[in-house]
>>> print(open('work_4.txt').read())   # compact mmCIF, C-alpha atoms
# COMPACT_ATOMS: atom_id res chain seq x y z
CA MET A 1 144.61 181.22 78.70
CA ARG A 2 146.39 178.64 76.57
CA VAL A 3 146.86 177.54 72.99
CA ARG A 4 144.28 175.06 71.88
CA PRO A 5 145.74 171.88 70.43
CA ASP A 6 145.09 171.25 66.76
CA LEU A 7 142.73 168.33 66.31
CA ILE A 8 143.48 167.87 62.62
CA GLU A 9 146.30 165.40 63.06
CA HIS A 10 143.91 163.05 64.85
CA LEU A 11 141.38 163.13 62.01
CA PRO A 12 142.74 160.24 59.92
CA ARG A 13 142.76 157.81 62.85
CA LEU A 14 139.35 158.91 64.14
CA ARG A 15 138.01 158.32 60.64
CA ARG A 16 139.63 154.87 60.39
CA TYR A 17 138.16 153.78 63.72
CA ALA A 18 134.72 155.22 62.95
CA ARG A 19 134.70 153.53 59.54
CA ALA A 20 135.47 150.14 61.02
CA LEU A 21 133.06 150.68 63.89
CA THR A 22 130.05 151.71 61.80
CA GLY A 23 130.90 150.01 58.52
CA ASP A 24 129.53 153.00 56.65
CA VAL A 25 131.40 155.97 55.17
CA ASN A 26 128.74 158.58 55.87
CA ARG A 27 127.76 157.36 59.29
CA ALA A 28 131.43 157.23 60.20
CA ASP A 29 132.16 160.78 59.11
CA ASP A 30 129.04 162.02 60.88
CA LEU A 31 130.33 160.39 64.04
CA VAL A 32 133.72 162.04 63.54
CA GLN A 33 132.08 165.42 63.02
CA ASP A 34 129.99 165.05 66.19
CA THR A 35 133.14 164.04 68.06
CA LEU A 36 135.03 167.12 66.86
CA GLU A 37 132.16 169.42 67.82
CA ARG A 38 131.97 167.95 71.27
CA ALA A 39 135.74 168.11 71.60
CA LEU A 40 135.82 171.82 70.75
CA ASN A 41 133.06 172.49 73.24
CA LYS A 42 134.83 170.58 75.98
CA LEU A 43 138.42 171.36 75.15
CA ASP A 44 138.81 173.31 78.36
CA LEU A 45 138.16 170.08 80.26
CA TRP A 46 141.00 168.28 78.55
CA GLN A 47 144.16 168.18 80.65
CA PRO A 48 147.15 169.46 78.68
CA GLY A 49 149.85 166.85 78.70
CA SER A 50 147.40 163.96 78.88
CA ASP A 51 146.76 161.83 75.82
CA LEU A 52 144.59 163.88 73.48
CA ARG A 53 144.01 160.92 71.19
CA ALA A 54 142.62 158.74 73.99
CA TRP A 55 140.41 161.62 75.08
CA LEU A 56 139.00 162.04 71.55
CA PHE A 57 138.32 158.31 71.29
CA THR A 58 136.53 158.47 74.63
CA LEU A 59 134.26 161.21 73.30
CA MET A 60 133.60 159.16 70.17
CA HIS A 61 132.82 156.08 72.23
CA ASN A 62 130.26 158.00 74.31
CA LEU A 63 128.56 159.36 71.19
CA PHE A 64 128.54 155.94 69.55
CA VAL A 65 126.98 154.32 72.61
CA ASN A 66 124.28 156.99 72.70
CA GLN A 67 123.49 156.40 69.03
CA ILE A 68 123.14 152.68 69.57
CA ARG A 69 120.87 153.21 72.53
CA ILE A 70 118.55 155.33 70.40
CA LYS A 71 118.65 153.03 67.41
CA ARG A 72 118.11 149.66 69.06
CA PRO A 73 116.91 147.13 68.12
CA GLN A 74 118.04 148.06 64.65
CA GLU A 75 121.22 146.38 63.58
CA THR A 76 124.21 147.88 61.87
CA VAL A 77 124.08 147.73 58.11
CA MET A 78 127.37 147.12 56.41
CA GLU A 79 126.33 147.55 52.78
CA ALA A 80 128.52 150.53 51.95
CA ALA A 81 131.52 148.75 53.31
CA LEU A 82 131.46 146.19 50.54
CA ASP A 83 132.74 148.65 47.98
CA GLU A 84 135.78 149.56 50.03
CA PRO A 85 139.08 149.02 48.30
CA VAL A 86 141.45 146.60 49.91
CA SER A 87 144.87 148.05 50.51
CA GLY A 88 147.58 145.93 49.02
CA GLY A 89 151.01 145.09 50.18
CA GLN A 90 150.22 142.93 53.16
CA MET A 91 149.51 139.27 53.44
CA GLU A 92 145.82 138.93 53.56
CA ALA A 93 144.57 135.85 55.30
CA LEU A 94 141.01 137.10 55.07
CA THR A 95 139.35 139.28 52.52
CA ALA A 96 138.08 142.75 53.38
CA ARG A 97 134.57 141.54 52.65
CA ASP A 98 134.90 138.75 55.20
CA ILE A 99 136.22 141.07 57.84
CA HIS A 100 133.52 143.69 57.27
CA ALA A 101 130.77 141.12 57.49
CA ALA A 102 132.20 139.46 60.58
CA LEU A 103 132.70 142.79 62.36
CA ALA A 104 129.08 143.70 61.67
CA GLN A 105 127.95 140.63 63.51
CA LEU A 106 129.99 141.26 66.63
CA PRO A 107 128.15 142.89 69.52
CA GLU A 108 129.17 146.58 69.59
CA GLU A 109 131.00 146.33 72.90
CA GLN A 110 133.16 143.52 71.56
CA ARG A 111 133.69 145.26 68.23
CA GLU A 112 134.93 148.38 70.00
CA VAL A 113 137.51 146.47 72.03
CA LEU A 114 138.71 144.45 69.07
CA LEU A 115 139.19 147.62 66.99
CA LEU A 116 140.77 149.73 69.73
CA VAL A 117 143.33 147.01 70.44
CA GLY A 118 143.77 145.26 67.09
CA LEU A 119 143.48 148.21 64.73
CA GLU A 120 144.16 151.36 66.74
CA GLN A 121 146.88 149.79 68.88
CA PHE A 122 145.66 151.06 72.22
CA GLY A 123 147.08 149.25 75.23
CA TYR A 124 144.60 147.26 77.33
CA ALA A 125 144.60 149.85 80.13
CA GLU A 126 144.17 152.69 77.62
CA ALA A 127 141.28 150.89 75.93
CA ALA A 128 139.70 150.41 79.35
CA GLN A 129 140.03 154.13 79.98
CA VAL A 130 138.47 155.00 76.62
CA LEU A 131 135.53 152.67 77.23
CA GLY A 132 135.14 153.49 80.91
CA VAL A 133 135.34 149.86 82.05
CA PRO A 134 137.89 147.88 84.12
CA THR A 135 140.85 146.34 82.28
CA GLY A 136 139.53 142.88 83.17
CA THR A 137 136.38 143.65 81.20
CA VAL A 138 138.46 144.71 78.22
CA MET A 139 140.35 141.42 78.37
CA SER A 140 137.23 139.29 78.54
CA ARG A 141 135.55 141.23 75.71
CA LEU A 142 138.70 140.96 73.63
CA SER A 143 138.84 137.25 74.20
CA ARG A 144 135.20 136.76 73.26
CA ALA A 145 135.53 139.01 70.21
CA ARG A 146 138.57 137.20 68.87
CA GLU A 147 137.11 133.76 69.42
CA ARG A 148 133.86 134.80 67.83
CA MET A 149 135.63 136.23 64.82
CA ARG A 150 137.67 133.05 64.56
CA ALA A 151 134.54 130.93 64.56
CA MET A 152 132.85 133.15 61.98
CA LEU A 153 135.83 133.28 59.68
CA ALA A 154 137.00 129.71 60.01
CA GLY A 155 136.49 127.73 56.85
CA GLU A 156 133.89 130.05 55.39
CA PRO A 157 135.04 131.76 52.23
CA ALA A 158 132.48 134.52 52.57
CA ILE A 159 129.93 135.27 55.19
CA LYS A 160 126.47 136.07 54.02
CA LEU A 161 125.30 139.50 54.99
CA LYS A 162 122.31 139.69 57.17
CA LEU A 163 119.62 141.75 55.52
CA VAL A 164 118.41 144.47 57.78
CA ILE A 165 115.44 146.74 57.39
CA MET B 166 159.57 127.04 80.71
CA THR B 167 156.54 127.64 82.81
CA ASP B 168 153.72 125.33 83.69
CA ASN B 169 150.99 127.62 82.63
CA VAL B 170 150.29 130.54 80.36
CA HIS B 171 147.30 132.67 81.12
CA GLU B 172 144.76 133.51 78.43
CA HIS B 173 145.47 137.22 78.66
CA GLU B 174 149.13 136.52 78.00
CA LEU B 175 148.21 134.87 74.72
CA HIS B 176 146.48 138.09 73.73
CA ALA B 177 149.41 140.19 74.91
CA TYR B 178 151.65 137.94 72.79
CA VAL B 179 149.54 138.69 69.71
CA ASP B 180 149.50 142.41 70.48
CA GLY B 181 153.23 142.53 71.08
CA THR B 182 152.98 143.82 74.63
CA LEU B 183 154.74 141.01 76.52
CA PRO B 184 158.17 141.61 78.04
CA GLU B 185 160.85 139.86 75.97
CA ALA B 186 161.61 137.13 78.53
CA ARG B 187 157.98 136.21 78.92
CA ARG B 188 157.45 136.32 75.18
CA LEU B 189 160.02 133.59 74.73
CA GLU B 190 158.33 131.47 77.40
CA VAL B 191 154.96 131.90 75.71
CA GLU B 192 156.53 130.94 72.40
CA ALA B 193 157.85 127.74 73.97
CA TRP B 194 154.40 127.03 75.40
CA LEU B 195 152.82 127.52 71.97
CA ALA B 196 155.28 125.13 70.38
CA ALA B 197 154.02 122.46 72.74
CA HIS B 198 150.32 123.37 72.58
CA PRO B 199 149.09 123.34 68.98
CA ALA B 200 145.50 124.28 69.87
CA ASP B 201 146.65 127.49 71.56
CA ALA B 202 149.08 128.12 68.72
CA ALA B 203 146.25 127.90 66.19
CA ARG B 204 144.17 130.37 68.18
CA VAL B 205 147.03 132.81 68.49
CA GLN B 206 147.73 132.55 64.78
CA ALA B 207 144.10 133.24 63.93
CA TRP B 208 144.03 136.29 66.21
CA ALA B 209 147.19 137.69 64.64
CA ALA B 210 145.62 137.17 61.20
CA GLN B 211 142.60 139.15 62.41
CA ASN B 212 144.81 142.10 63.37
CA GLN B 213 146.45 141.94 59.97
CA SER B 214 143.12 141.75 58.19
CA LEU B 215 141.81 144.77 60.10
CA HIS B 216 144.78 146.80 58.91
CA ALA B 217 144.45 145.52 55.37
CA ALA B 218 140.76 146.46 55.34
CA PHE B 219 140.90 149.88 57.01
CA ASP B 220 144.38 151.42 56.75
CA SER B 221 143.43 152.89 53.38
CA VAL B 222 141.15 155.29 55.27
CA LEU B 223 144.27 156.97 56.67
CA ASN B 224 145.35 157.89 53.14
CA GLU B 225 142.05 159.36 52.02
CA PRO B 226 141.96 163.12 51.48
CA LEU B 227 140.32 164.69 54.52
CA PRO B 228 136.75 165.87 53.87
CA LEU B 229 136.70 169.65 54.04
CA ASN B 230 133.77 169.78 56.45
CA LEU B 231 135.74 167.70 58.93
CA VAL B 232 138.85 169.84 58.58
CA ARG B 233 136.69 172.89 59.29
CA ALA B 234 135.13 171.13 62.25
CA THR B 235 138.56 170.88 63.88
CA ARG B 236 138.69 174.66 64.06
CA ARG B 237 136.27 176.85 65.85
CA PRO B 238 135.39 179.77 63.60
CA ALA B 239 133.89 182.00 66.30
CA LEU B 240 136.60 182.35 68.90
CA PRO B 241 136.13 185.39 71.10
CA VAL B 242 138.41 188.10 69.77
CA PRO B 243 140.59 188.60 72.87
CA PHE B 244 141.23 184.87 73.04
CA LYS B 245 142.15 184.80 69.39
CA ALA B 246 144.61 187.64 69.81
CA VAL B 247 146.28 185.99 72.78
CA ALA B 248 146.36 182.66 71.01
CA ALA B 249 147.99 184.26 67.99
CA MET B 250 150.56 185.92 70.24
CA LEU B 251 151.30 182.69 72.01
CA SER B 252 151.68 180.77 68.79
CA MET B 253 154.12 183.44 67.60
CA LEU B 254 156.18 182.81 70.68
CA VAL B 255 155.97 179.09 70.34
CA THR B 256 156.44 178.66 66.63
CA GLY B 257 158.59 181.59 65.70
CA LEU B 258 157.89 184.34 63.27
CA ILE B 259 158.22 182.29 60.12
CA GLY B 260 155.42 179.96 61.03
CA TYR B 261 153.26 182.89 61.95
CA ALA B 262 154.08 184.88 58.84
CA ILE B 263 152.89 182.11 56.55
CA GLY B 264 149.80 181.63 58.61
CA LEU B 265 150.41 178.15 59.90
CA ASN B 266 149.02 178.64 63.34
CA THR B 267 146.17 180.99 62.79
CA PRO B 268 143.06 178.88 62.54
CA GLY B 269 140.48 179.98 60.03
CA GLN B 270 142.95 182.11 58.11
CA ALA B 271 144.25 180.94 54.76
CA PRO B 272 148.02 180.70 54.53
CA THR B 273 149.44 183.41 52.34
CA ALA B 274 151.82 181.17 50.42
CA PRO B 275 150.89 177.82 48.87
CA THR B 276 154.12 176.34 50.16
CA ALA B 277 152.72 176.72 53.67
CA TYR B 278 150.41 173.85 52.92
CA LEU B 279 153.44 171.73 52.18
CA ALA B 280 154.78 172.14 55.72
CA ARG B 281 151.37 171.67 57.31
CA ASP B 282 150.49 168.59 55.26
CA ALA B 283 153.91 167.07 55.85
CA ALA B 284 153.61 167.64 59.60
CA ILE B 285 150.16 166.05 59.67
CA ALA B 286 151.36 163.04 57.68
CA HIS B 287 154.27 162.74 60.08
CA ALA B 288 152.00 162.92 63.13
CA VAL B 289 149.62 160.34 61.67
CA PHE B 290 152.05 157.66 60.62
CA SER B 291 155.18 157.96 62.75
CA PRO B 292 153.50 156.64 65.95
CA GLU B 293 152.16 153.53 64.20
CA ALA B 294 153.86 150.64 65.95
CA ARG B 295 152.95 147.85 63.59
CA HIS B 296 152.31 149.46 60.22
CA PRO B 297 154.33 152.65 60.00
CA VAL B 298 155.14 151.98 56.33
CA GLU B 299 153.48 150.22 53.40
CA VAL B 300 156.69 148.87 51.94
CA ASP B 301 159.66 148.27 54.22
CA ALA B 302 163.29 149.11 53.62
CA ALA B 303 164.16 145.48 52.93
CA HIS B 304 162.53 146.07 49.54
CA SER B 305 163.97 149.54 49.06
CA ASP B 306 164.57 149.16 45.31
CA HIS B 307 160.97 148.22 44.80
CA LEU B 308 159.87 150.96 47.20
CA VAL B 309 161.73 153.72 45.38
CA ALA B 310 160.66 152.46 41.94
CA TRP B 311 157.02 152.19 43.00
CA LEU B 312 156.85 155.63 44.63
CA SER B 313 158.77 157.22 41.73
CA LYS B 314 156.26 155.84 39.27
CA ARG B 315 153.27 157.03 41.25
CA VAL B 316 154.62 160.49 42.06
CA GLY B 317 155.93 160.95 38.53
CA THR B 318 159.61 161.69 39.03
CA GLN B 319 162.75 159.72 39.75
CA LEU B 320 162.78 159.76 43.54
CA GLN B 321 165.63 158.91 45.78
CA ALA B 322 165.54 157.99 49.46
CA PRO B 323 168.37 160.00 51.05
CA ASP B 324 170.91 158.14 53.13
CA PHE B 325 170.91 159.38 56.75
CA SER B 326 173.17 156.69 58.19
CA ALA B 327 175.86 159.28 58.92
CA GLN B 328 173.28 161.04 61.12
CA GLY B 329 172.25 157.78 62.79
CA PHE B 330 168.94 157.26 60.98
CA GLU B 331 168.09 154.18 58.94
CA LEU B 332 165.38 153.90 56.31
CA LEU B 333 162.29 152.08 57.66
CA GLY B 334 160.32 152.19 54.45
CA GLY B 335 157.71 154.34 52.79
CA ARG B 336 154.14 154.81 51.81
CA LEU B 337 152.03 156.50 49.19
CA LEU B 338 149.61 159.22 50.32
CA THR B 339 147.11 161.46 48.63
CA GLY B 340 147.75 165.19 48.59
CA GLU B 341 146.17 168.27 47.08
CA THR B 342 148.54 168.20 44.13
CA GLY B 343 148.36 164.45 43.54
CA PRO B 344 150.24 161.47 44.90
CA VAL B 345 152.70 161.99 47.73
CA ALA B 346 155.63 159.83 48.73
CA GLN B 347 156.54 159.53 52.40
CA PHE B 348 159.84 157.98 53.45
CA MET B 349 160.27 157.12 57.12
CA TYR B 350 163.55 156.83 59.02
CA GLN B 351 164.32 155.70 62.53
CA ASP B 352 167.34 155.99 64.80
CA LYS B 353 168.62 153.61 67.48
CA ILE B 354 166.28 154.93 70.14
CA GLU B 355 163.33 154.66 67.77
CA ARG B 356 162.87 158.34 67.07
CA ARG B 357 161.34 158.79 63.66
CA VAL B 358 161.61 161.39 60.95
CA THR B 359 159.74 161.48 57.66
CA LEU B 360 160.53 162.92 54.24
CA TYR B 361 157.46 164.07 52.33
CA VAL B 362 157.74 164.57 48.56
CA ARG B 363 155.09 165.84 46.22
CA ARG B 364 154.61 167.89 43.09
CA ALA B 365 154.79 171.58 43.91
CA VAL B 366 151.92 173.94 43.25
CA ALA B 367 152.42 175.60 39.85
CA GLY B 368 154.32 178.85 39.98
CA ASN B 369 156.52 177.83 42.87
CA THR B 370 160.12 177.99 41.90
CA ALA B 371 161.70 179.22 45.09
CA THR B 372 164.28 176.88 46.51
CA THR B 373 164.86 178.60 49.82
CA PHE B 374 165.06 176.44 52.87
CA ARG B 375 162.23 177.20 55.25
CA HIS B 376 161.37 176.13 58.75
CA ALA B 377 157.98 175.80 60.41
CA THR B 378 156.67 174.26 63.60
CA GLU B 379 153.30 172.54 63.52
CA ASN B 380 152.02 171.21 66.84
CA GLY B 381 155.52 170.52 68.06
CA VAL B 382 156.67 168.93 64.80
CA ASP B 383 159.64 170.70 63.22
CA VAL B 384 159.48 170.87 59.44
CA PHE B 385 162.21 171.97 57.05
CA TYR B 386 160.94 172.30 53.53
CA TRP B 387 162.10 173.43 50.14
CA ILE B 388 161.07 173.42 46.51
CA ASP B 389 163.38 171.92 43.92
CA GLY B 390 162.16 172.22 40.35
CA ASP B 391 158.63 170.83 40.15
CA PHE B 392 158.74 169.13 43.51
CA GLY B 393 158.34 170.11 47.12
CA TYR B 394 160.25 168.33 49.87
CA ALA B 395 159.57 168.47 53.60
CA LEU B 396 161.45 166.77 56.40
CA SER B 397 159.53 166.44 59.66
CA GLY B 398 160.34 165.21 63.12
CA GLN B 399 160.32 165.89 66.83
CA ILE B 400 164.00 165.48 67.51
CA GLY B 401 164.88 169.13 67.98
CA ARG B 402 165.16 171.84 65.38
CA GLN B 403 168.89 171.58 64.95
CA ALA B 404 168.88 167.82 64.41
CA ILE B 405 166.12 168.10 61.81
CA GLN B 406 168.02 170.87 60.07
CA GLN B 407 171.13 168.70 59.82
CA LEU B 408 169.08 165.91 58.25
CA ALA B 409 167.39 168.36 55.90
CA ASP B 410 170.79 169.71 54.85
CA ALA B 411 171.97 166.19 54.14
CA ALA B 412 168.83 165.38 52.18
CA TYR B 413 169.06 168.58 50.18
CA ARG B 414 172.71 167.97 49.29
CA GLN B 415 172.07 164.38 48.23
CA LEU B 416 168.95 165.12 46.23
CA VAL B 417 170.43 168.14 44.44
CA THR B 418 173.54 166.17 43.57
CA ALA B 419 171.39 163.36 42.26
CA SER B 420 169.26 165.62 40.10
CA GLY B 421 172.40 167.39 38.82
CA ASN B 422 173.66 164.05 37.55
CA ARG B 423 170.50 163.20 35.74
>>> encode(input="work_4.txt", output="structure tokens")
Amino acid sequence: MRVRPDLIEHLPRLRRYARALTGDVNRADDLVQDTLERALNKLDLWQPGSDLRAWLFTLMHNLFVNQIRIKRPQETVMEAALDEPVSGGQMEALTARDIHAALAQLPEEQREVLLLVGLEQFGYAEAAQVLGVPTGTVMSRLSRARERMRAMLAGEPAIKLKLVI
Amino acid sequence: MTDNVHEHELHAYVDGTLPEARRLEVEAWLAAHPADAARVQAWAAQNQSLHAAFDSVLNEPLPLNLVRATRRPALPVPFKAVAAMLSMLVTGLIGYAIGLNTPGQAPTAPTAYLARDAAIAHAVFSPEARHPVEVDAAHSDHLVAWLSKRVGTQLQAPDFSAQGFELLGGRLLTGETGPVAQFMYQDKIERRVTLYVRRAVAGNTATTFRHATENGVDVFYWIDGDFGYALSGQIGRQAIQQLADAAYRQLVTASGNR
């Protein structure tokens, strides 16, 4: 018998990642809620002492992948994301609108890697563990994601949103 | 200077994971290879833009349904009893008495939320490698003025240099009673502590020093006038208490002079 870890401190980061991943406030929070439910059900499988955050992100990744599988060939809609406030204080080379639109056009597997590494600051090996792929795959996806983002964002003041039914 | 830099090293350069010696070699390579330098610059700008676009999510108040979803309401009773006993052992009687570690049970004193919220804010932001603060200590005048204005009182960032901690900076958060200021400090071995300041719940006038432990984070907190203060860290209870004493002395002196 042991004390269950409190998941609440991981909530803000899970929400940030889910928001960037789905581009939609409600879809993101639904994903977080599903992740928490699964985590509570499986908490006995989590090894105390191992990285709880990485474990939670792994659960979220698995749920996200399942959702995509069901929803294909529908594409992600980023409409809600356009109303997001931009946090001030940092130099902003790109606008939030640009970044939302560009993210939406990345293939999901590249978007996940870019966000885990660039936003959530996971190491390459940790990201590989979360996604269940070799580190080499993480590196090649990261490379493709960053180059694709660069091409999309280069010289274009705003990227037109793709309309999706 | 090396002959070649691998693609993955350019990424590691952007993500700040290269060993120092290699970082300098990559920098030299970039100086001589403008095309690679442009790519690396664009990638770094992407990281920055991701933070600019999504870090605000961290500051949003947590939706209640998600907070509830972190706690299982229907624990089997024997498990609950053992868990409560264990958390008493781990966190000490004070934490237990104010209900900090009993999931599903409302804390009996509003100040308990102060310790819990401060510990969560500490756990969320202190591990951030690249963006632990919104405004860094280099602009401390601006930082203190900005946070003071938002929180609605003349704040002061205590000086912990005698205890070996330097101000890193601060950020503005959202709390149940309005805006919250968080100051972050770091010592030479990069251990971090945070001071959390917000308006106290009405009717709270007690100024007693209290201690709580939330998921391994030690919190010393007190109410001074209309404001609640909480100092959080994982540097050992005694070390946190010394810092809290120092903060209390400095802040009380400051408000006495107002």
>>> closest_residue(input="work_4.txt", among="A:Asp24, A:Glu120, A:Asp29, A:Asp51", to="Ala101 of chain A", atoms="all atoms listed in the file")
A:Asp24
>>> closest_residue(input="work_4.txt", among="B:Ala217, B:Val191, B:Leu320, B:Val345", to="chain A", atoms="all atoms listed in the file")
B:Ala217
>>> interface_residues(input="work_4.txt", of="chain B", to="chain A", cutoff="7 Å", atoms="all atoms listed in the file", output="PyMOL selection string")
chain B and resi 173+207-208+210+212+214-223+231-232+234-235+248+251+285+288-289+299+380
>>> residues_around(input="work_4.txt", residues="Ala346 of chain B", least_positions_apart="5", cutoff="10 Å", atoms="all atoms listed in the file", output="mmCIF file with C-alpha atoms, in the coordinates of the input")
data_model
loop_
_atom_site.group_PDB
_atom_site.id
_atom_site.type_symbol
_atom_site.label_atom_id
_atom_site.label_comp_id
_atom_site.auth_asym_id
_atom_site.auth_seq_id
_atom_site.Cartn_x
_atom_site.Cartn_y
_atom_site.Cartn_z
ATOM 1 C CA LEU B 308 159.870 150.960 47.200
ATOM 2 C CA VAL B 309 161.730 153.720 45.380
ATOM 3 C CA TRP B 311 157.020 152.190 43.000
ATOM 4 C CA LEU B 312 156.850 155.630 44.630
ATOM 5 C CA SER B 313 158.770 157.220 41.730
ATOM 6 C CA ARG B 315 153.270 157.030 41.250
ATOM 7 C CA VAL B 316 154.620 160.490 42.060
ATOM 8 C CA LEU B 320 162.780 159.760 43.540
ATOM 9 C CA GLY B 335 157.710 154.340 52.790
ATOM 10 C CA ARG B 336 154.140 154.810 51.810
ATOM 11 C CA LEU B 337 152.030 156.500 49.190
ATOM 12 C CA LEU B 338 149.610 159.220 50.320
ATOM 13 C CA THR B 339 147.110 161.460 48.630
ATOM 14 C CA GLY B 340 147.750 165.190 48.590
ATOM 15 C CA THR B 359 159.740 161.480 57.660
ATOM 16 C CA LEU B 360 160.530 162.920 54.240
ATOM 17 C CA TYR B 361 157.460 164.070 52.330
ATOM 18 C CA VAL B 362 157.740 164.570 48.560
ATOM 19 C CA ARG B 363 155.090 165.840 46.220
ATOM 20 C CA ARG B 364 154.610 167.890 43.090
ATOM 21 C CA TYR B 394 160.250 168.330 49.870
#
>>> atom_distance(input="work_4.txt", atom1="atom CA of Arg141 of chain A", atom2="atom CA of Gln110 of chain A")
5.3 Å
>>> axis_aligned_box(input="work_4.txt", around="segment 35-48 of chain A", padding_each_side="6 Å", output="lines of an AutoDock Vina configuration file")
center_x = 139.6
center_y = 168.7
center_z = 73.8
size_x = 27.2
size_y = 21.3
size_z = 25.8
>>> closest_residue(input="work_4.txt", among="B:Val366, B:Ala294, B:Ala303, B:Ala310", to="Phe392 of chain B", atoms="all atoms listed in the file")
B:Val366
>>> residues_around(input="work_4.txt", residues="Arg188 of chain B", least_positions_apart="4", cutoff="12 Å", atoms="all atoms listed in the file", output="count of residues only")
18
